[in-house]
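The next block holds one structure in the form of structure tokens; read it before the comments.
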Amino acid sequence: MTSPPTLHHPRYPRSNGYDPQWVTRNQMGPNALWLTESLTEVMTIEPGMNVLDLGCGRAMSSIFLAREFGARVWATDLWIPATENQERIVEAGVADLVTPIHAEAHTLPFAAGFFDASITSSATLRGTGS
């Protein structure tokens, strides 16, 4: 039997509370929880804020923002189906705060000013050239 991976780091006390096997299973690149926790050191996220998490992948960062800060998050990704993210969101107990969206970044259906903040921590965004 192999030991679960060690994903604890003293710099990321909030992230340390997440199950390492869950983190490893849902990773799509760099540690999304560590990236998001670092981001929250330089930007304010408060309960009830509307946050766009653009290129959220498997919604780990969205779950983190909802659980740790009480933000309402729109977990938006083009490559991961919203239904798959919904399952993770429900399992994490934050379905009342996180809405999964399957959409392309240039065609989001939100009014200007709807979001209080937006993040993208490890997605690659490409412009249209126009």
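Residue numbers start at 1 in each chain; chains themselves are named A, B, ... in the order of the structure tokens; ligands are numbered from 1 in the order shown.
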So that I can check the secondary structure, give me every residue of segment 7-122 of chain A assigned strand (DSSP E or B) by backbone DSSP, as a PyMOL selection string. chain A and resi 50-54+72-77+98-102+117-119
Those same residues, written as a compact mmCIF listing (two decimals), in the first residue's frame with N, CA, C and O atoms?
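File written: part.txt
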# COMPACT_ATOMS: atom_id res chain seq x y z
N ASN A 50 -19.53 38.15 -5.43
CA ASN A 50 -19.69 37.38 -6.67
C ASN A 50 -18.34 37.30 -7.34
O ASN A 50 -17.77 38.32 -7.71
N VAL A 51 -17.83 36.07 -7.48
CA VAL A 51 -16.49 35.86 -8.03
C VAL A 51 -16.57 34.98 -9.27
O VAL A 51 -17.16 33.90 -9.24
N LEU A 52 -15.96 35.43 -10.35
CA LEU A 52 -15.82 34.62 -11.56
C LEU A 52 -14.48 33.90 -11.48
O LEU A 52 -13.43 34.53 -11.36
N ASP A 53 -14.54 32.57 -11.52
CA ASP A 53 -13.32 31.75 -11.53
C ASP A 53 -13.19 31.21 -12.95
O ASP A 53 -13.78 30.19 -13.32
N LEU A 54 -12.45 31.93 -13.77
CA LEU A 54 -12.34 31.66 -15.20
C LEU A 54 -11.24 30.65 -15.48
O LEU A 54 -10.09 30.85 -15.08
N ARG A 72 -19.61 33.69 -3.38
CA ARG A 72 -20.45 33.03 -4.40
C ARG A 72 -19.60 32.99 -5.66
O ARG A 72 -19.18 34.04 -6.16
N VAL A 73 -19.36 31.79 -6.17
CA VAL A 73 -18.40 31.61 -7.25
C VAL A 73 -19.06 30.97 -8.47
O VAL A 73 -19.82 30.01 -8.34
N TRP A 74 -18.75 31.51 -9.63
CA TRP A 74 -19.15 30.92 -10.91
C TRP A 74 -17.92 30.21 -11.45
O TRP A 74 -16.98 30.85 -11.94
N ALA A 75 -17.92 28.88 -11.34
CA ALA A 75 -16.80 28.03 -11.74
C ALA A 75 -16.92 27.79 -13.24
O ALA A 75 -17.70 26.95 -13.69
N THR A 76 -16.13 28.52 -14.01
CA THR A 76 -16.28 28.54 -15.47
C THR A 76 -15.10 27.87 -16.15
O THR A 76 -13.94 28.24 -15.92
N ASP A 77 -15.41 26.90 -17.01
CA ASP A 77 -14.35 26.22 -17.75
C ASP A 77 -14.89 25.73 -19.09
O ASP A 77 -16.06 25.36 -19.19
N VAL A 98 -21.47 27.71 -5.18
CA VAL A 98 -20.71 27.55 -6.42
C VAL A 98 -21.62 27.06 -7.53
O VAL A 98 -22.32 26.06 -7.38
N THR A 99 -21.57 27.77 -8.65
CA THR A 99 -22.35 27.41 -9.85
C THR A 99 -21.38 27.04 -10.97
O THR A 99 -20.58 27.88 -11.39
N PRO A 100 -21.43 25.81 -11.45
CA PRO A 100 -20.55 25.43 -12.55
C PRO A 100 -21.10 25.92 -13.90
O PRO A 100 -22.30 25.86 -14.15
N ILE A 101 -20.20 26.43 -14.72
CA ILE A 101 -20.56 26.94 -16.03
C ILE A 101 -19.62 26.31 -17.06
O ILE A 101 -18.41 26.29 -16.86
N HIS A 102 -20.17 25.83 -18.16
CA HIS A 102 -19.36 25.35 -19.28
C HIS A 102 -19.46 26.42 -20.36
O HIS A 102 -20.50 26.58 -21.00
N ALA A 117 -15.21 40.34 -8.29
CA ALA A 117 -13.81 39.95 -8.53
C ALA A 117 -13.80 38.82 -9.54
O ALA A 117 -14.78 38.09 -9.70
N SER A 118 -12.69 38.68 -10.22
CA SER A 118 -12.49 37.53 -11.10
C SER A 118 -11.08 37.02 -10.91
O SER A 118 -10.16 37.80 -10.64
N ILE A 119 -10.93 35.71 -11.03
CA ILE A 119 -9.61 35.11 -10.92
C ILE A 119 -9.41 34.14 -12.06
O ILE A 119 -10.36 33.60 -12.62
Gly48 of chain A environment, 9 Å, only C-alpha atoms, sequence neighbours closer than 4 positions dropped, as a CSV table (one decimal) with C-alpha atoms, in the first residue's frame:
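Below you can see selection08.csv, which holds the result:
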chain,number,residue,atom,x,y,z
A,69,PHE,CA,-14.3,32.8,2.3
A,70,GLY,CA,-18.0,32.3,1.8
A,71,ALA,CA,-17.9,33.8,-1.7
A,72,ARG,CA,-20.4,33.0,-4.4
A,97,LEU,CA,-22.3,28.9,-3.2
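Residues with any atom within 12 Å of Arg88 of chain A, counting only C-alpha atoms and excluding same-chain neighbours fewer than 5 positions away, are Trp22, Val23, Arg25, Asn26, Gly57, Arg58, Ala59, Met60, Ser61, Ser62, Ile63, Phe64, Ala75, Ile80, Pro81, Ala82, Thr83, Gly93, Val94, Ala95, Val98, Thr99 and Pro100 of chain A.
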Name the residues in contact with Ala32 of chain A at a cut-off of 8 Å, using only C-alpha atoms, excluding same-chain residues fewer than 2 positions from it; report them as an mmCIF file with all heavy atoms, in the first residue's frame.
data_model
loop_
_atom_site.group_PDB
_atom_site.id
_atom_site.type_symbol
_atom_site.label_atom_id
_atom_site.label_comp_id
_atom_site.auth_asym_id
_atom_site.auth_seq_id
_atom_site.Cartn_x
_atom_site.Cartn_y
_atom_site.Cartn_z
ATOM 1 N N GLN A 27 -6.172 17.467 -9.489
ATOM 2 C CA GLN A 27 -5.168 18.386 -10.026
ATOM 3 C C GLN A 27 -5.104 18.313 -11.540
ATOM 4 O O GLN A 27 -5.218 17.251 -12.124
ATOM 5 C CB GLN A 27 -3.788 17.987 -9.521
ATOM 6 C CG GLN A 27 -3.176 18.644 -8.399
ATOM 7 C CD GLN A 27 -3.432 20.067 -8.044
ATOM 8 O OE1 GLN A 27 -4.460 20.681 -8.296
ATOM 9 N NE2 GLN A 27 -2.483 20.619 -7.391
ATOM 10 N N GLY A 29 -2.588 20.530 -13.013
ATOM 11 C CA GLY A 29 -1.358 21.290 -13.214
ATOM 12 C C GLY A 29 -0.788 21.655 -11.861
ATOM 13 O O GLY A 29 -0.797 20.831 -10.955
ATOM 14 N N PRO A 30 -0.343 22.895 -11.698
ATOM 15 C CA PRO A 30 0.167 23.321 -10.388
ATOM 16 C C PRO A 30 -0.927 23.193 -9.326
ATOM 17 O O PRO A 30 -2.117 23.171 -9.645
ATOM 18 C CB PRO A 30 0.530 24.793 -10.597
ATOM 19 C CG PRO A 30 0.609 24.987 -12.061
ATOM 20 C CD PRO A 30 -0.292 23.956 -12.684
ATOM 21 N N TRP A 34 -2.953 25.971 -3.528
ATOM 22 C CA TRP A 34 -1.839 26.850 -3.154
ATOM 23 C C TRP A 34 -1.870 28.141 -3.977
ATOM 24 O O TRP A 34 -1.658 29.227 -3.450
ATOM 25 C CB TRP A 34 -0.508 26.147 -3.339
ATOM 26 C CG TRP A 34 -0.246 25.031 -2.359
ATOM 27 C CD1 TRP A 34 -1.058 24.607 -1.334
ATOM 28 C CD2 TRP A 34 0.900 24.193 -2.330
ATOM 29 N NE1 TRP A 34 -0.476 23.562 -0.677
ATOM 30 C CE2 TRP A 34 0.723 23.280 -1.270
ATOM 31 C CE3 TRP A 34 2.049 24.106 -3.109
ATOM 32 C CZ2 TRP A 34 1.673 22.300 -0.943
ATOM 33 C CZ3 TRP A 34 2.994 23.141 -2.793
ATOM 34 C CH2 TRP A 34 2.814 22.255 -1.722
ATOM 35 N N LEU A 35 -2.135 28.014 -5.281
ATOM 36 C CA LEU A 35 -2.213 29.208 -6.129
ATOM 37 C C LEU A 35 -3.328 30.140 -5.678
ATOM 38 O O LEU A 35 -3.147 31.358 -5.598
ATOM 39 C CB LEU A 35 -2.437 28.807 -7.588
ATOM 40 C CG LEU A 35 -1.278 28.130 -8.305
ATOM 41 C CD1 LEU A 35 -1.729 27.633 -9.673
ATOM 42 C CD2 LEU A 35 -0.095 29.054 -8.429
ATOM 43 N N THR A 36 -4.474 29.562 -5.360
ATOM 44 C CA THR A 36 -5.620 30.379 -4.951
ATOM 45 C C THR A 36 -5.380 31.001 -3.584
ATOM 46 O O THR A 36 -5.693 32.180 -3.373
ATOM 47 C CB THR A 36 -6.908 29.534 -4.957
ATOM 48 O OG1 THR A 36 -7.033 28.915 -6.244
ATOM 49 C CG2 THR A 36 -8.124 30.383 -4.679
ATOM 50 N N MET A 60 -11.531 23.202 -8.191
ATOM 51 C CA MET A 60 -10.885 23.199 -6.879
ATOM 52 C C MET A 60 -10.766 24.610 -6.313
ATOM 53 O O MET A 60 -11.055 24.833 -5.131
ATOM 54 C CB MET A 60 -9.492 22.567 -6.974
ATOM 55 C CG MET A 60 -9.501 21.101 -7.308
ATOM 56 S SD MET A 60 -7.836 20.453 -7.581
ATOM 57 C CE MET A 60 -7.114 20.666 -5.968
ATOM 58 N N SER A 61 -10.363 25.553 -7.138
ATOM 59 C CA SER A 61 -10.213 26.936 -6.670
ATOM 60 C C SER A 61 -11.562 27.530 -6.308
ATOM 61 O O SER A 61 -11.685 28.287 -5.335
ATOM 62 C CB SER A 61 -9.507 27.780 -7.726
ATOM 63 O OG SER A 61 -10.101 27.606 -9.000
ATOM 64 N N SER A 121 -6.149 31.349 -12.236
ATOM 65 C CA SER A 121 -4.866 31.083 -11.600
ATOM 66 C C SER A 121 -3.920 30.208 -12.410
ATOM 67 O O SER A 121 -2.718 30.357 -12.302
ATOM 68 C CB SER A 121 -5.076 30.480 -10.212
ATOM 69 O OG SER A 121 -5.808 29.284 -10.297
ATOM 70 N N SER A 122 -4.441 29.308 -13.215
ATOM 71 C CA SER A 122 -3.516 28.464 -13.960
ATOM 72 C C SER A 122 -4.024 28.112 -15.351
ATOM 73 O O SER A 122 -3.556 27.191 -15.974
ATOM 74 C CB SER A 122 -3.211 27.179 -13.174
ATOM 75 O OG SER A 122 -4.394 26.462 -12.949
#
Residue list (alpha helix (DSSP H), DSSP) for chain A, as a ChimeraX atom specification: /A:20-26,32-39,60-69,82-91
Please, could you write that set of residues out with N, CA and C atoms as a JSON list (two decimals), in the first residue's frame?
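Wrote it out as again24.json, contents follow:
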[["chain", "number", "residue", "atom", "x", "y", "z"],
["A", 20, "PRO", "N", -5.40, 15.21, 0.89],
["A", 20, "PRO", "CA", -4.37, 15.12, -0.15],
["A", 20, "PRO", "C", -4.77, 14.23, -1.33],
["A", 21, "GLN", "N", -5.53, 13.18, -1.07],
["A", 21, "GLN", "CA", -5.95, 12.30, -2.17],
["A", 21, "GLN", "C", -6.96, 13.03, -3.07],
["A", 22, "TRP", "N", -7.84, 13.84, -2.49],
["A", 22, "TRP", "CA", -8.78, 14.64, -3.27],
["A", 22, "TRP", "C", -8.03, 15.65, -4.13],
["A", 23, "VAL", "N", -7.04, 16.30, -3.52],
["A", 23, "VAL", "CA", -6.24, 17.29, -4.26],
["A", 23, "VAL", "C", -5.53, 16.62, -5.43],
["A", 24, "THR", "N", -4.87, 15.51, -5.17],
["A", 24, "THR", "CA", -4.12, 14.80, -6.22],
["A", 24, "THR", "C", -5.06, 14.32, -7.32],
["A", 25, "ARG", "N", -6.19, 13.80, -6.95],
["A", 25, "ARG", "CA", -7.16, 13.27, -7.93],
["A", 25, "ARG", "C", -7.71, 14.36, -8.85],
["A", 26, "ASN", "N", -7.81, 15.58, -8.36],
["A", 26, "ASN", "CA", -8.43, 16.65, -9.13],
["A", 26, "ASN", "C", -7.45, 17.66, -9.72],
["A", 32, "ALA", "N", -3.68, 23.93, -7.38],
["A", 32, "ALA", "CA", -4.69, 24.99, -7.51],
["A", 32, "ALA", "C", -5.03, 25.62, -6.16],
["A", 33, "LEU", "N", -4.99, 24.83, -5.10],
["A", 33, "LEU", "CA", -5.30, 25.39, -3.78],
["A", 33, "LEU", "C", -4.20, 26.35, -3.33],
["A", 34, "TRP", "N", -2.95, 25.97, -3.53],
["A", 34, "TRP", "CA", -1.84, 26.85, -3.15],
["A", 34, "TRP", "C", -1.87, 28.14, -3.98],
["A", 35, "LEU", "N", -2.14, 28.01, -5.28],
["A", 35, "LEU", "CA", -2.21, 29.21, -6.13],
["A", 35, "LEU", "C", -3.33, 30.14, -5.68],
["A", 36, "THR", "N", -4.47, 29.56, -5.36],
["A", 36, "THR", "CA", -5.62, 30.38, -4.95],
["A", 36, "THR", "C", -5.38, 31.00, -3.58],
["A", 37, "GLU", "N", -4.81, 30.24, -2.67],
["A", 37, "GLU", "CA", -4.51, 30.80, -1.35],
["A", 37, "GLU", "C", -3.51, 31.95, -1.47],
["A", 38, "SER", "N", -2.51, 31.80, -2.32],
["A", 38, "SER", "CA", -1.54, 32.88, -2.55],
["A", 38, "SER", "C", -2.24, 34.12, -3.11],
["A", 39, "LEU", "N", -3.14, 33.91, -4.03],
["A", 39, "LEU", "CA", -3.87, 35.01, -4.65],
["A", 39, "LEU", "C", -4.69, 35.78, -3.61],
["A", 60, "MET", "N", -11.53, 23.20, -8.19],
["A", 60, "MET", "CA", -10.89, 23.20, -6.88],
["A", 60, "MET", "C", -10.77, 24.61, -6.31],
["A", 61, "SER", "N", -10.36, 25.55, -7.14],
["A", 61, "SER", "CA", -10.21, 26.94, -6.67],
["A", 61, "SER", "C", -11.56, 27.53, -6.31],
["A", 62, "SER", "N", -12.60, 27.18, -7.05],
["A", 62, "SER", "CA", -13.95, 27.67, -6.75],
["A", 62, "SER", "C", -14.44, 27.13, -5.41],
["A", 63, "ILE", "N", -14.23, 25.86, -5.20],
["A", 63, "ILE", "CA", -14.60, 25.22, -3.93],
["A", 63, "ILE", "C", -13.85, 25.89, -2.78],
["A", 64, "PHE", "N", -12.57, 26.13, -2.97],
["A", 64, "PHE", "CA", -11.74, 26.78, -1.95],
["A", 64, "PHE", "C", -12.29, 28.16, -1.59],
["A", 65, "LEU", "N", -12.59, 28.99, -2.59],
["A", 65, "LEU", "CA", -13.09, 30.34, -2.34],
["A", 65, "LEU", "C", -14.43, 30.32, -1.61],
["A", 66, "ALA", "N", -15.28, 29.38, -1.97],
["A", 66, "ALA", "CA", -16.58, 29.28, -1.30],
["A", 66, "ALA", "C", -16.42, 28.79, 0.14],
["A", 67, "ARG", "N", -15.66, 27.74, 0.31],
["A", 67, "ARG", "CA", -15.51, 27.14, 1.64],
["A", 67, "ARG", "C", -14.74, 28.04, 2.60],
["A", 68, "GLU", "N", -13.67, 28.63, 2.12],
["A", 68, "GLU", "CA", -12.79, 29.40, 3.00],
["A", 68, "GLU", "C", -13.26, 30.83, 3.23],
["A", 69, "PHE", "N", -13.97, 31.41, 2.25],
["A", 69, "PHE", "CA", -14.31, 32.84, 2.34],
["A", 69, "PHE", "C", -15.81, 33.12, 2.24],
["A", 82, "ALA", "N", -19.66, 21.00, -17.03],
["A", 82, "ALA", "CA", -20.26, 21.56, -15.81],
["A", 82, "ALA", "C", -20.84, 20.46, -14.92],
["A", 83, "THR", "N", -21.37, 19.41, -15.52],
["A", 83, "THR", "CA", -21.95, 18.31, -14.73],
["A", 83, "THR", "C", -20.89, 17.63, -13.87],
["A", 84, "GLU", "N", -19.69, 17.45, -14.42],
["A", 84, "GLU", "CA", -18.59, 16.85, -13.63],
["A", 84, "GLU", "C", -18.21, 17.76, -12.47],
["A", 85, "ASN", "N", -18.12, 19.05, -12.74],
["A", 85, "ASN", "CA", -17.79, 19.98, -11.66],
["A", 85, "ASN", "C", -18.91, 20.04, -10.63],
["A", 86, "GLN", "N", -20.15, 19.97, -11.08],
["A", 86, "GLN", "CA", -21.27, 19.98, -10.13],
["A", 86, "GLN", "C", -21.15, 18.84, -9.13],
["A", 87, "GLU", "N", -20.76, 17.67, -9.60],
["A", 87, "GLU", "CA", -20.59, 16.52, -8.69],
["A", 87, "GLU", "C", -19.56, 16.82, -7.62],
["A", 88, "ARG", "N", -18.42, 17.40, -8.01],
["A", 88, "ARG", "CA", -17.37, 17.76, -7.04],
["A", 88, "ARG", "C", -17.87, 18.83, -6.07],
["A", 89, "ILE", "N", -18.59, 19.80, -6.60],
["A", 89, "ILE", "CA", -19.11, 20.91, -5.80],
["A", 89, "ILE", "C", -20.09, 20.40, -4.75],
["A", 90, "VAL", "N", -20.98, 19.51, -5.14],
["A", 90, "VAL", "CA", -21.95, 18.93, -4.21],
["A", 90, "VAL", "C", -21.22, 18.11, -3.15],
["A", 91, "GLU", "N", -20.26, 17.27, -3.57],
["A", 91, "GLU", "CA", -19.47, 16.48, -2.62],
["A", 91, "GLU", "C", -18.77, 17.36, -1.59]]
Separating atom CA of Gly113 of chain A from atom CA of Gly55 of chain A, to the nearest tenth of an Å, is a gap of 19.2 Å
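Minimum atom-to-atom distances from A:Cys56, A:Thr120, A:Leu78, A:Ala92 to His106 of chain A were compared using only C-alpha atoms, and the lowest value belongs to A:Leu78.
Using only C-alpha atoms, the shortest contact distance between Asn31 of chain A and any of A:Glu46, A:His9, A:Ala112, A:Glu104 is found at A:His9.
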